[in-house]
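Notes follow the structure.
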Amino acid sequence: MRDVAVVGFAQRQTRAFDGSPNCVELLVPILHELWEQTGWTKADIGFWCSGSSDYLAGRSFSFVTAIDALGAVPPISESHVEMDGAWALYEAWLKIQTGEADTALVYGFGKSSASTLRRTLALQLDPYTLTPLWPDTVSIAGLQARLGLERGAWDEKAMAEVVARSRSNAIGNEYAVRRGETSIDDVLAQEMFADPLRRWDCAPVTDGAAAVVIAATDRLPATCRRPAVIVGIAHSTDAADLGLRDLLRSPSAAAAASGAGGTEGVQVAELHAPFSHQELILRRELGLAPDIAINPSGGALAANPMFSAGLIRIGEAARRIWSDEADRTLGHATSGAALQQNLVCVMEASA
């Protein structure tokens, strides 16, 4: 296996309905930021891969428009996944493993405010048994949260603790949509939004984009002092039909963690949990130690741009290595209803 490291990361997260730019306008400054970080140019990238969604954009082949940000000349080797950009990173990692490329730039983008997101995401459900009922994502998460409360898997205070910590951690994140010093009592004082979820229990509708540069360790940029080497990466999926699985468990998250080599020694974990109670599920399924730092960036409860929030978790986890804050970190991404699909990426500081 070739050693591959995360060597660049840039993001933009904006409040929905706040005059956010289109996908090309979002991506151009991100790419320029990556060139400044790495000292590279477009010519140094061997493979490009993006993650986005046509059904979110409301038009076919919407990802082709985004390629305008990359430039049509000279020709590039490019691919696309109809998933979060984290899965684009997985494809790019495989491309480097095969030897077909030494470097790659992956990006994800989405304008959640272009539609009614809760309803649009119903299209991810089983098309025969669930989508015709149009259950929205918040309502499904509410059912999951209620089941956990009724079975004693967690209580409202535990959910509120996740929210308070996320909002407080996000104070230092310039891209966070929701941030501010918050107590558990502040959270519990809110009215119900979708019982038993309060509005802060749910990730905000967010527009945004993110990009990550990865490279084989024998092809690192001169500017990379402490590369975040990917020591394990894997993804897995559970059944799409909600009636076929226990919503309080996420076997796919556990399988992804196992496939990535386990979580022993992880000091910082960035978890893509769009709802507060889902962090509680992930912490158990991933086998995370109780004393590690969870979502120091604020996580998805601070900002959750569709199709880049998972990639941002990997980028944020890599930044903790670059800044000497940790030696081993974990980035997690999810997709689908109620934690149906999960990806885990474990990184370590280069020896």
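Identifiers in this document derive from the order of the structure tokens: chains are assigned A, B, ..., residues are numbered from 1 separately in each chain, and ligands are numbered from 1 in order of occurrence.
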
So that I can see what lies close to Trp322 of chain A, please list as a ChimeraX atom specification the residues with an atom at most 10 Å from it, counting only C-alpha atoms and leaving out residues fewer than 5 positions away in the same chain. /A:6-8,224-228,316-317,327,349-350

Writing out the chosen residues with all heavy atoms as a PDB file, in the first residue's frame:
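And here's selection.pdb as it stands now:
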```pdb
ATOM      1  N   VAL A   6      -2.970  13.802   3.717  1.00  0.00           N
ATOM      2  CA  VAL A   6      -3.745  15.025   3.474  1.00  0.00           C
ATOM      3  C   VAL A   6      -2.789  16.198   3.659  1.00  0.00           C
ATOM      4  O   VAL A   6      -2.179  16.352   4.722  1.00  0.00           O
ATOM      5  CB  VAL A   6      -4.926  15.133   4.447  1.00  0.00           C
ATOM      6  CG1 VAL A   6      -5.693  16.443   4.211  1.00  0.00           C
ATOM      7  CG2 VAL A   6      -5.858  13.938   4.287  1.00  0.00           C
ATOM      8  N   VAL A   7      -2.660  17.022   2.611  1.00  0.00           N
ATOM      9  CA  VAL A   7      -1.666  18.102   2.647  1.00  0.00           C
ATOM     10  C   VAL A   7      -2.268  19.486   2.425  1.00  0.00           C
ATOM     11  O   VAL A   7      -1.555  20.493   2.492  1.00  0.00           O
ATOM     12  CB  VAL A   7      -0.552  17.853   1.611  1.00  0.00           C
ATOM     13  CG1 VAL A   7       0.189  16.566   1.928  1.00  0.00           C
ATOM     14  CG2 VAL A   7      -1.111  17.798   0.192  1.00  0.00           C
ATOM     15  N   GLY A   8      -3.560  19.555   2.151  1.00  0.00           N
ATOM     16  CA  GLY A   8      -4.201  20.852   1.952  1.00  0.00           C
ATOM     17  C   GLY A   8      -5.685  20.776   2.230  1.00  0.00           C
ATOM     18  O   GLY A   8      -6.315  19.735   1.994  1.00  0.00           O
ATOM     19  N   CYS A 224       4.620  21.363   3.146  1.00  0.00           N
ATOM     20  CA  CYS A 224       3.958  20.480   4.121  1.00  0.00           C
ATOM     21  C   CYS A 224       4.964  20.030   5.170  1.00  0.00           C
ATOM     22  O   CYS A 224       5.763  19.116   4.942  1.00  0.00           O
ATOM     23  CB  CYS A 224       3.351  19.275   3.409  1.00  0.00           C
ATOM     24  SG  CYS A 224       2.325  18.262   4.471  1.00  0.00           S
ATOM     25  N   ARG A 225       4.915  20.664   6.342  1.00  0.00           N
ATOM     26  CA  ARG A 225       5.861  20.362   7.412  1.00  0.00           C
ATOM     27  C   ARG A 225       5.499  19.079   8.149  1.00  0.00           C
ATOM     28  O   ARG A 225       6.379  18.304   8.535  1.00  0.00           O
ATOM     29  CB  ARG A 225       5.879  21.539   8.409  1.00  0.00           C
ATOM     30  CG  ARG A 225       6.809  21.349   9.598  1.00  0.00           C
ATOM     31  CD  ARG A 225       6.654  22.468  10.624  1.00  0.00           C
ATOM     32  NE  ARG A 225       5.321  22.475  11.227  1.00  0.00           N
ATOM     33  CZ  ARG A 225       4.984  21.723  12.267  1.00  0.00           C
ATOM     34  NH1 ARG A 225       5.854  20.893  12.800  1.00  0.00           N
ATOM     35  NH2 ARG A 225       3.764  21.796  12.767  1.00  0.00           N
ATOM     36  N   ARG A 226       4.207  18.837   8.347  1.00  0.00           N
ATOM     37  CA  ARG A 226       3.766  17.700   9.173  1.00  0.00           C
ATOM     38  C   ARG A 226       2.540  17.062   8.513  1.00  0.00           C
ATOM     39  O   ARG A 226       1.401  17.309   8.913  1.00  0.00           O
ATOM     40  CB  ARG A 226       3.437  18.185  10.585  1.00  0.00           C
ATOM     41  CG  ARG A 226       3.353  17.092  11.656  1.00  0.00           C
ATOM     42  CD  ARG A 226       3.272  17.756  13.046  1.00  0.00           C
ATOM     43  NE  ARG A 226       3.464  16.789  14.113  1.00  0.00           N
ATOM     44  CZ  ARG A 226       2.479  16.315  14.884  1.00  0.00           C
ATOM     45  NH1 ARG A 226       1.238  16.713  14.706  1.00  0.00           N
ATOM     46  NH2 ARG A 226       2.750  15.453  15.850  1.00  0.00           N
ATOM     47  N   PRO A 227       2.743  16.255   7.492  1.00  0.00           N
ATOM     48  CA  PRO A 227       1.597  15.692   6.759  1.00  0.00           C
ATOM     49  C   PRO A 227       0.734  14.785   7.626  1.00  0.00           C
ATOM     50  O   PRO A 227       1.238  14.113   8.539  1.00  0.00           O
ATOM     51  CB  PRO A 227       2.269  14.908   5.630  1.00  0.00           C
ATOM     52  CG  PRO A 227       3.647  14.608   6.132  1.00  0.00           C
ATOM     53  CD  PRO A 227       4.024  15.781   6.973  1.00  0.00           C
ATOM     54  N   ALA A 228      -0.560  14.790   7.349  1.00  0.00           N
ATOM     55  CA  ALA A 228      -1.505  13.904   8.034  1.00  0.00           C
ATOM     56  C   ALA A 228      -1.671  12.650   7.184  1.00  0.00           C
ATOM     57  O   ALA A 228      -2.444  12.629   6.227  1.00  0.00           O
ATOM     58  CB  ALA A 228      -2.836  14.604   8.239  1.00  0.00           C
ATOM     59  N   GLU A 316     -10.799  19.039   8.880  1.00  0.00           N
ATOM     60  CA  GLU A 316     -10.622  19.581  10.222  1.00  0.00           C
ATOM     61  C   GLU A 316      -9.771  18.643  11.080  1.00  0.00           C
ATOM     62  O   GLU A 316      -8.950  19.094  11.885  1.00  0.00           O
ATOM     63  CB  GLU A 316     -11.984  19.804  10.893  1.00  0.00           C
ATOM     64  CG  GLU A 316     -12.806  20.955  10.315  1.00  0.00           C
ATOM     65  CD  GLU A 316     -12.289  22.320  10.765  1.00  0.00           C
ATOM     66  OE1 GLU A 316     -11.288  22.363  11.506  1.00  0.00           O
ATOM     67  OE2 GLU A 316     -12.890  23.326  10.359  1.00  0.00           O
ATOM     68  N   ALA A 317      -9.972  17.336  10.921  1.00  0.00           N
ATOM     69  CA  ALA A 317      -9.162  16.374  11.671  1.00  0.00           C
ATOM     70  C   ALA A 317      -7.702  16.445  11.244  1.00  0.00           C
ATOM     71  O   ALA A 317      -6.788  16.346  12.074  1.00  0.00           O
ATOM     72  CB  ALA A 317      -9.713  14.960  11.464  1.00  0.00           C
ATOM     73  N   ASP A 327      -1.606  13.744  17.415  1.00  0.00           N
ATOM     74  CA  ASP A 327      -0.783  12.864  16.588  1.00  0.00           C
ATOM     75  C   ASP A 327      -1.618  11.849  15.818  1.00  0.00           C
ATOM     76  O   ASP A 327      -1.153  11.297  14.815  1.00  0.00           O
ATOM     77  CB  ASP A 327       0.229  12.108  17.464  1.00  0.00           C
ATOM     78  CG  ASP A 327       1.231  13.038  18.122  1.00  0.00           C
ATOM     79  OD1 ASP A 327       1.686  13.988  17.464  1.00  0.00           O
ATOM     80  OD2 ASP A 327       1.545  12.821  19.315  1.00  0.00           O
ATOM     81  N   ALA A 349       0.287  11.643  12.346  1.00  0.00           N
ATOM     82  CA  ALA A 349       1.390  12.516  11.982  1.00  0.00           C
ATOM     83  C   ALA A 349       2.517  11.683  11.379  1.00  0.00           C
ATOM     84  O   ALA A 349       2.789  10.569  11.836  1.00  0.00           O
ATOM     85  CB  ALA A 349       1.896  13.263  13.218  1.00  0.00           C
ATOM     86  N   SER A 350       3.136  12.218  10.352  1.00  0.00           N
ATOM     87  CA  SER A 350       4.241  11.511   9.711  1.00  0.00           C
ATOM     88  C   SER A 350       5.408  11.398  10.686  1.00  0.00           C
ATOM     89  O   SER A 350       5.765  12.344  11.385  1.00  0.00           O
ATOM     90  CB  SER A 350       4.681  12.263   8.463  1.00  0.00           C
ATOM     91  OG  SER A 350       5.780  11.622   7.851  1.00  0.00           O
TER      92      SER A 350
END
```

List as an MDAnalysis selection string the protein and nucleic acid residues near His332 of chain A, meaning an atom at most 6 Å away when only C-alpha atoms are counted, but skip any in the same chain fewer than 2 places from it. chainID A and resid 271:272 343:344

Could you give me, as a tab-separated table (two decimals) with all heavy atoms, in the first residue's frame, the residues within 7 Å of segment 299-315 of chain A, counting only C-alpha atoms and dropping anything in the same chain fewer than 4 positions from it?
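As a result, around_21.tsv now contains:
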```tsv
chain	number	residue	atom	x	y	z
A	9	PHE	N	-6.25	21.85	2.76
A	9	PHE	CA	-7.68	21.87	3.09
A	9	PHE	C	-8.19	23.31	3.11
A	9	PHE	O	-7.55	24.19	3.69
A	9	PHE	CB	-7.92	21.23	4.46
A	9	PHE	CG	-9.29	21.46	5.03
A	9	PHE	CD1	-10.43	21.09	4.33
A	9	PHE	CD2	-9.46	22.05	6.28
A	9	PHE	CE1	-11.70	21.30	4.86
A	9	PHE	CE2	-10.72	22.25	6.82
A	9	PHE	CZ	-11.84	21.89	6.11
A	13	GLN	N	-18.38	27.98	4.34
A	13	GLN	CA	-19.71	27.61	4.83
A	13	GLN	C	-20.49	28.89	5.08
A	13	GLN	O	-20.00	29.78	5.79
A	13	GLN	CB	-19.60	26.78	6.12
A	13	GLN	CG	-18.81	25.50	5.94
A	13	GLN	CD	-18.76	24.66	7.21
A	13	GLN	OE1	-19.60	23.80	7.42
A	13	GLN	NE2	-17.78	24.91	8.06
A	51	GLY	N	-17.71	15.67	-5.27
A	51	GLY	CA	-18.91	15.09	-4.70
A	51	GLY	C	-20.01	16.14	-4.66
A	51	GLY	O	-19.80	17.25	-4.15
A	52	SER	N	-21.15	15.83	-5.24
A	52	SER	CA	-22.29	16.76	-5.25
A	52	SER	C	-23.54	15.97	-5.61
A	52	SER	O	-23.49	14.75	-5.69
A	52	SER	CB	-22.06	17.91	-6.24
A	52	SER	OG	-22.05	17.43	-7.57
A	83	MET	N	-22.31	11.80	-4.00
A	83	MET	CA	-22.18	11.59	-2.55
A	83	MET	C	-21.45	12.78	-1.96
A	83	MET	O	-21.02	13.70	-2.67
A	83	MET	CB	-21.37	10.32	-2.26
A	83	MET	CG	-22.07	9.01	-2.58
A	83	MET	SD	-23.35	8.59	-1.38
A	83	MET	CE	-22.36	8.04	0.00
A	84	ASP	N	-21.29	12.76	-0.65
A	84	ASP	CA	-20.46	13.74	0.02
A	84	ASP	C	-19.03	13.65	-0.52
A	84	ASP	O	-18.56	12.59	-0.94
A	84	ASP	CB	-20.46	13.46	1.53
A	84	ASP	CG	-19.78	14.54	2.34
A	84	ASP	OD1	-18.53	14.61	2.32
A	84	ASP	OD2	-20.49	15.32	3.00
A	85	GLY	N	-18.32	14.77	-0.48
A	85	GLY	CA	-16.95	14.81	-0.97
A	85	GLY	C	-16.03	13.84	-0.26
A	85	GLY	O	-14.95	13.52	-0.79
A	86	ALA	N	-16.39	13.35	0.92
A	86	ALA	CA	-15.57	12.35	1.61
A	86	ALA	C	-15.44	11.09	0.78
A	86	ALA	O	-14.39	10.44	0.77
A	86	ALA	CB	-16.17	12.03	2.99
A	108	GLY	N	-16.19	19.01	-2.62
A	108	GLY	CA	-17.62	18.78	-2.53
A	108	GLY	C	-18.33	20.11	-2.39
A	108	GLY	O	-17.77	21.07	-1.85
A	109	PHE	N	-19.55	20.20	-2.89
A	109	PHE	CA	-20.29	21.46	-2.83
A	109	PHE	C	-21.79	21.21	-2.90
A	109	PHE	O	-22.24	20.19	-3.39
A	109	PHE	CB	-19.87	22.38	-3.99
A	109	PHE	CG	-20.17	21.81	-5.36
A	109	PHE	CD1	-21.38	22.07	-6.00
A	109	PHE	CD2	-19.25	20.99	-5.99
A	109	PHE	CE1	-21.65	21.53	-7.25
A	109	PHE	CE2	-19.52	20.46	-7.25
A	109	PHE	CZ	-20.72	20.72	-7.87
A	110	GLY	N	-22.54	22.16	-2.37
A	110	GLY	CA	-23.99	22.06	-2.45
A	110	GLY	C	-24.67	23.31	-1.93
A	110	GLY	O	-24.19	23.94	-0.98
A	112	SER	N	-27.84	24.04	-0.28
A	112	SER	CA	-29.02	23.48	0.39
A	112	SER	C	-30.21	24.43	0.35
A	112	SER	O	-31.36	24.01	0.38
A	112	SER	CB	-28.67	23.15	1.84
A	112	SER	OG	-27.60	22.25	1.92
A	166	SER	N	-20.91	21.70	21.13
A	166	SER	CA	-20.68	22.01	19.72
A	166	SER	C	-20.73	23.51	19.46
A	166	SER	O	-19.85	24.07	18.78
A	166	SER	CB	-21.73	21.29	18.85
A	166	SER	OG	-21.59	19.90	18.94
A	167	ARG	N	-21.75	24.17	20.01
A	167	ARG	CA	-21.87	25.61	19.80
A	167	ARG	C	-20.73	26.37	20.46
A	167	ARG	O	-20.21	27.35	19.90
A	167	ARG	CB	-23.21	26.11	20.35
A	167	ARG	CG	-24.42	25.68	19.51
A	167	ARG	CD	-25.72	26.12	20.18
A	167	ARG	NE	-25.76	27.56	20.38
A	167	ARG	CZ	-26.22	28.42	19.49
A	167	ARG	NH1	-26.68	27.99	18.33
A	167	ARG	NH2	-26.25	29.71	19.76
A	170	ALA	N	-17.50	25.94	18.49
A	170	ALA	CA	-17.54	26.63	17.20
A	170	ALA	C	-17.18	28.11	17.29
A	170	ALA	O	-17.03	28.76	16.26
A	170	ALA	CB	-18.93	26.47	16.57
A	176	ALA	N	-18.41	28.80	11.02
A	176	ALA	CA	-19.58	28.24	11.70
A	176	ALA	C	-20.78	29.15	11.51
A	176	ALA	O	-20.69	30.37	11.64
A	176	ALA	CB	-19.29	28.05	13.18
A	177	VAL	N	-21.92	28.55	11.22
A	177	VAL	CA	-23.17	29.29	11.08
A	177	VAL	C	-23.80	29.51	12.45
A	177	VAL	O	-24.41	30.56	12.71
A	177	VAL	CB	-24.13	28.52	10.15
A	177	VAL	CG1	-25.52	29.14	10.15
A	177	VAL	CG2	-23.57	28.48	8.73
A	178	ARG	N	-23.68	28.52	13.33
A	178	ARG	CA	-24.18	28.64	14.70
A	178	ARG	C	-23.00	28.53	15.66
A	178	ARG	O	-22.27	27.55	15.64
A	178	ARG	CB	-25.18	27.53	15.01
A	178	ARG	CG	-26.53	27.67	14.36
A	178	ARG	CD	-27.42	26.53	14.81
A	178	ARG	NE	-28.71	26.53	14.12
A	178	ARG	CZ	-29.51	25.46	14.07
A	178	ARG	NH1	-29.13	24.34	14.64
A	178	ARG	NH2	-30.66	25.53	13.43
A	179	ARG	N	-22.84	29.51	16.52
A	179	ARG	CA	-21.77	29.46	17.51
A	179	ARG	C	-22.09	30.41	18.65
A	179	ARG	O	-22.90	31.32	18.50
A	179	ARG	CB	-20.42	29.81	16.88
A	179	ARG	CG	-20.41	31.16	16.19
A	179	ARG	CD	-19.09	31.39	15.48
A	179	ARG	NE	-19.13	32.55	14.62
A	179	ARG	CZ	-18.13	32.95	13.85
A	179	ARG	NH1	-17.01	32.26	13.83
A	179	ARG	NH2	-18.25	34.02	13.10
A	202	CYS	N	-30.73	20.04	15.67
A	202	CYS	CA	-30.70	19.76	14.23
A	202	CYS	C	-29.68	20.66	13.54
A	202	CYS	O	-29.60	21.86	13.83
A	202	CYS	CB	-32.07	20.00	13.60
A	202	CYS	SG	-33.45	19.25	14.50
A	203	ALA	N	-28.91	20.09	12.65
A	203	ALA	CA	-27.92	20.87	11.91
A	203	ALA	C	-28.60	21.96	11.10
A	203	ALA	O	-29.67	21.75	10.52
A	203	ALA	CB	-27.12	19.97	10.98
A	204	PRO	N	-28.01	23.15	11.02
A	204	PRO	CA	-28.60	24.23	10.25
A	204	PRO	C	-28.49	23.99	8.75
A	204	PRO	O	-27.54	23.35	8.28
A	204	PRO	CB	-27.77	25.45	10.65
A	204	PRO	CG	-26.43	24.88	11.02
A	204	PRO	CD	-26.73	23.55	11.65
A	205	VAL	N	-29.48	24.46	8.01
A	205	VAL	CA	-29.39	24.42	6.54
A	205	VAL	C	-28.25	25.35	6.13
A	205	VAL	O	-28.23	26.53	6.49
A	205	VAL	CB	-30.72	24.86	5.90
A	205	VAL	CG1	-30.59	24.92	4.39
A	205	VAL	CG2	-31.84	23.91	6.31
A	206	THR	N	-27.29	24.80	5.40
A	206	THR	CA	-26.05	25.53	5.12
A	206	THR	C	-25.66	25.35	3.66
A	206	THR	O	-25.73	24.24	3.12
A	206	THR	CB	-24.90	25.00	6.00
A	206	THR	OG1	-25.36	24.84	7.34
A	206	THR	CG2	-23.71	25.94	5.98
A	207	ASP	N	-25.22	26.42	3.02
A	207	ASP	CA	-24.60	26.34	1.70
A	207	ASP	C	-23.09	26.31	1.89
A	207	ASP	O	-22.57	26.89	2.85
A	207	ASP	CB	-24.98	27.56	0.85
A	207	ASP	CG	-26.47	27.62	0.54
A	207	ASP	OD1	-27.16	26.60	0.75
A	207	ASP	OD2	-26.95	28.67	0.12
A	208	GLY	N	-22.38	25.67	0.97
A	208	GLY	CA	-20.94	25.68	1.14
A	208	GLY	C	-20.21	24.73	0.23
A	208	GLY	O	-20.80	24.00	-0.58
A	209	ALA	N	-18.90	24.74	0.37
A	209	ALA	CA	-18.02	23.88	-0.41
A	209	ALA	C	-16.73	23.67	0.37
A	209	ALA	O	-16.40	24.45	1.27
A	209	ALA	CB	-17.73	24.50	-1.78
A	210	ALA	N	-16.02	22.62	0.02
A	210	ALA	CA	-14.73	22.35	0.65
A	210	ALA	C	-13.88	21.58	-0.34
A	210	ALA	O	-14.38	20.92	-1.26
A	210	ALA	CB	-14.91	21.54	1.93
A	212	VAL	N	-9.93	19.29	-0.54
A	212	VAL	CA	-8.79	18.69	0.14
A	212	VAL	C	-7.78	18.21	-0.90
A	212	VAL	O	-8.18	17.68	-1.95
A	212	VAL	CB	-9.25	17.49	1.01
A	212	VAL	CG1	-8.07	16.63	1.45
A	212	VAL	CG2	-10.03	17.98	2.23
A	270	GLU	N	-13.53	14.14	14.53
A	270	GLU	CA	-14.52	15.03	13.91
A	270	GLU	C	-15.62	14.15	13.35
A	270	GLU	O	-15.42	13.43	12.36
A	270	GLU	CB	-13.87	15.87	12.81
A	270	GLU	CG	-13.05	17.04	13.32
A	270	GLU	CD	-13.92	18.24	13.72
A	270	GLU	OE1	-15.11	18.28	13.31
A	270	GLU	OE2	-13.41	19.13	14.43
A	271	LEU	N	-16.79	14.17	14.01
A	271	LEU	CA	-17.90	13.31	13.64
A	271	LEU	C	-18.97	14.08	12.88
A	271	LEU	O	-19.40	15.15	13.32
A	271	LEU	CB	-18.52	12.68	14.90
A	271	LEU	CG	-17.56	11.91	15.81
A	271	LEU	CD1	-18.33	11.32	16.98
A	271	LEU	CD2	-16.82	10.83	15.05
A	272	HIS	N	-19.41	13.52	11.78
A	272	HIS	CA	-20.47	14.14	10.98
A	272	HIS	C	-21.81	13.65	11.52
A	272	HIS	O	-22.37	12.67	11.05
A	272	HIS	CB	-20.29	13.75	9.51
A	272	HIS	CG	-21.27	14.42	8.59
A	272	HIS	ND1	-21.47	14.01	7.31
A	272	HIS	CD2	-22.10	15.48	8.79
A	272	HIS	CE1	-22.38	14.77	6.73
A	272	HIS	NE2	-22.79	15.67	7.62
A	273	ALA	N	-22.30	14.34	12.53
A	273	ALA	CA	-23.56	13.98	13.18
A	273	ALA	C	-24.55	15.13	13.01
A	273	ALA	O	-24.50	16.11	13.75
A	273	ALA	CB	-23.34	13.69	14.67
A	274	PRO	N	-25.45	15.06	12.01
A	274	PRO	CA	-26.37	16.17	11.75
A	274	PRO	C	-27.41	16.40	12.85
A	274	PRO	O	-28.08	17.42	12.84
A	274	PRO	CB	-27.06	15.76	10.44
A	274	PRO	CG	-26.14	14.75	9.82
A	274	PRO	CD	-25.53	14.03	10.98
A	275	PHE	N	-27.54	15.45	13.77
A	275	PHE	CA	-28.48	15.59	14.88
A	275	PHE	C	-27.75	15.20	16.17
A	275	PHE	O	-26.91	14.30	16.17
A	275	PHE	CB	-29.72	14.72	14.67
A	275	PHE	CG	-30.48	15.08	13.43
A	275	PHE	CD1	-30.21	14.43	12.23
A	275	PHE	CD2	-31.43	16.09	13.44
A	275	PHE	CE1	-30.89	14.77	11.06
A	275	PHE	CE2	-32.11	16.44	12.29
A	275	PHE	CZ	-31.84	15.79	11.09
A	295	ASN	N	-15.33	16.89	17.92
A	295	ASN	CA	-15.76	18.06	17.15
A	295	ASN	C	-15.26	19.39	17.72
A	295	ASN	O	-16.06	20.27	18.06
A	295	ASN	CB	-17.29	18.09	17.04
A	295	ASN	CG	-17.83	17.02	16.11
A	295	ASN	OD1	-17.10	16.48	15.29
A	295	ASN	ND2	-19.10	16.73	16.22
A	319	ARG	N	-6.18	19.11	10.12
A	319	ARG	CA	-5.62	20.38	10.62
A	319	ARG	C	-5.09	20.23	12.03
A	319	ARG	O	-4.14	20.92	12.42
A	319	ARG	CB	-6.68	21.48	10.58
A	319	ARG	CG	-6.96	22.04	9.21
A	319	ARG	CD	-7.53	23.44	9.24
A	319	ARG	NE	-8.67	23.58	10.14
A	319	ARG	CZ	-8.66	24.33	11.23
A	319	ARG	NH1	-7.57	25.01	11.57
A	319	ARG	NH2	-9.74	24.43	11.98
A	331	GLY	N	-11.57	11.38	11.04
A	331	GLY	CA	-12.62	12.13	10.35
A	331	GLY	C	-13.71	11.18	9.91
A	331	GLY	O	-13.42	10.09	9.39
A	332	HIS	N	-14.96	11.56	10.12
A	332	HIS	CA	-16.09	10.69	9.82
A	332	HIS	C	-17.10	11.42	8.94
A	332	HIS	O	-17.31	12.63	9.09
A	332	HIS	CB	-16.78	10.25	11.12
A	332	HIS	CG	-18.17	9.73	10.93
A	332	HIS	ND1	-19.29	10.55	11.03
A	332	HIS	CD2	-18.63	8.50	10.63
A	332	HIS	CE1	-20.37	9.83	10.81
A	332	HIS	NE2	-20.00	8.59	10.57
A	333	ALA	N	-17.70	10.69	8.02
A	333	ALA	CA	-18.74	11.25	7.16
A	333	ALA	C	-19.93	10.30	7.13
A	333	ALA	O	-19.75	9.07	7.22
A	333	ALA	CB	-18.21	11.47	5.75
A	334	THR	N	-21.12	10.85	7.00
A	334	THR	CA	-22.31	10.01	6.88
A	334	THR	C	-23.19	10.51	5.75
A	334	THR	O	-23.09	11.66	5.32
A	334	THR	CB	-23.11	9.99	8.20
A	334	THR	OG1	-24.10	8.95	8.13
A	334	THR	CG2	-23.82	11.31	8.45
A	345	CYS	N	-12.04	7.85	8.31
A	345	CYS	CA	-10.67	8.09	7.85
A	345	CYS	C	-9.80	8.40	9.07
A	345	CYS	O	-10.06	9.37	9.79
A	345	CYS	CB	-10.64	9.27	6.86
A	345	CYS	SG	-9.00	9.71	6.27
```

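The space separating atom CA of Arg328 of chain A from atom CA of Val266 of chain A comes to 5.0 Å.
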
Please extract the residues of segment 100-177 of chain A with a backbone DSSP assignment of strand (DSSP E) and present them as a PyMOL selection string. chain A and resi 103-111

Excluding same-chain residues fewer than 2 positions from Val138 of chain A, what lies within 8 Å of it counting only C-alpha atoms, as a ChimeraX atom specification? /A:118,136,140-142,194,202

Expected file: the selected residues, C-alpha atoms, as a CSV table (one decimal), in the first residue's frame:
```
chain,number,residue,atom,x,y,z
A,118,ARG,CA,-36.0,18.3,4.5
A,136,ASP,CA,-38.5,14.3,5.9
A,140,ILE,CA,-37.0,10.5,10.8
A,141,ALA,CA,-34.3,11.8,13.1
A,142,GLY,CA,-37.0,12.7,15.6
A,194,ALA,CA,-39.8,18.2,16.0
A,202,CYS,CA,-30.7,19.8,14.2
```

Just list as a ChimeraX atom specification whatever in segment 150-338 of chain A DSSP marks as helix (DSSP H, G or I). /A:150-151,156-172,184-188,199-201,217-219,242-244,251-259,276-285,299-301,309-322

Contacts of Glu325 of chain A at 10 Å (only C-alpha atoms; same-chain gap of 5+ positions) as an NGL selection string: :A and (267-268 or 319-320)
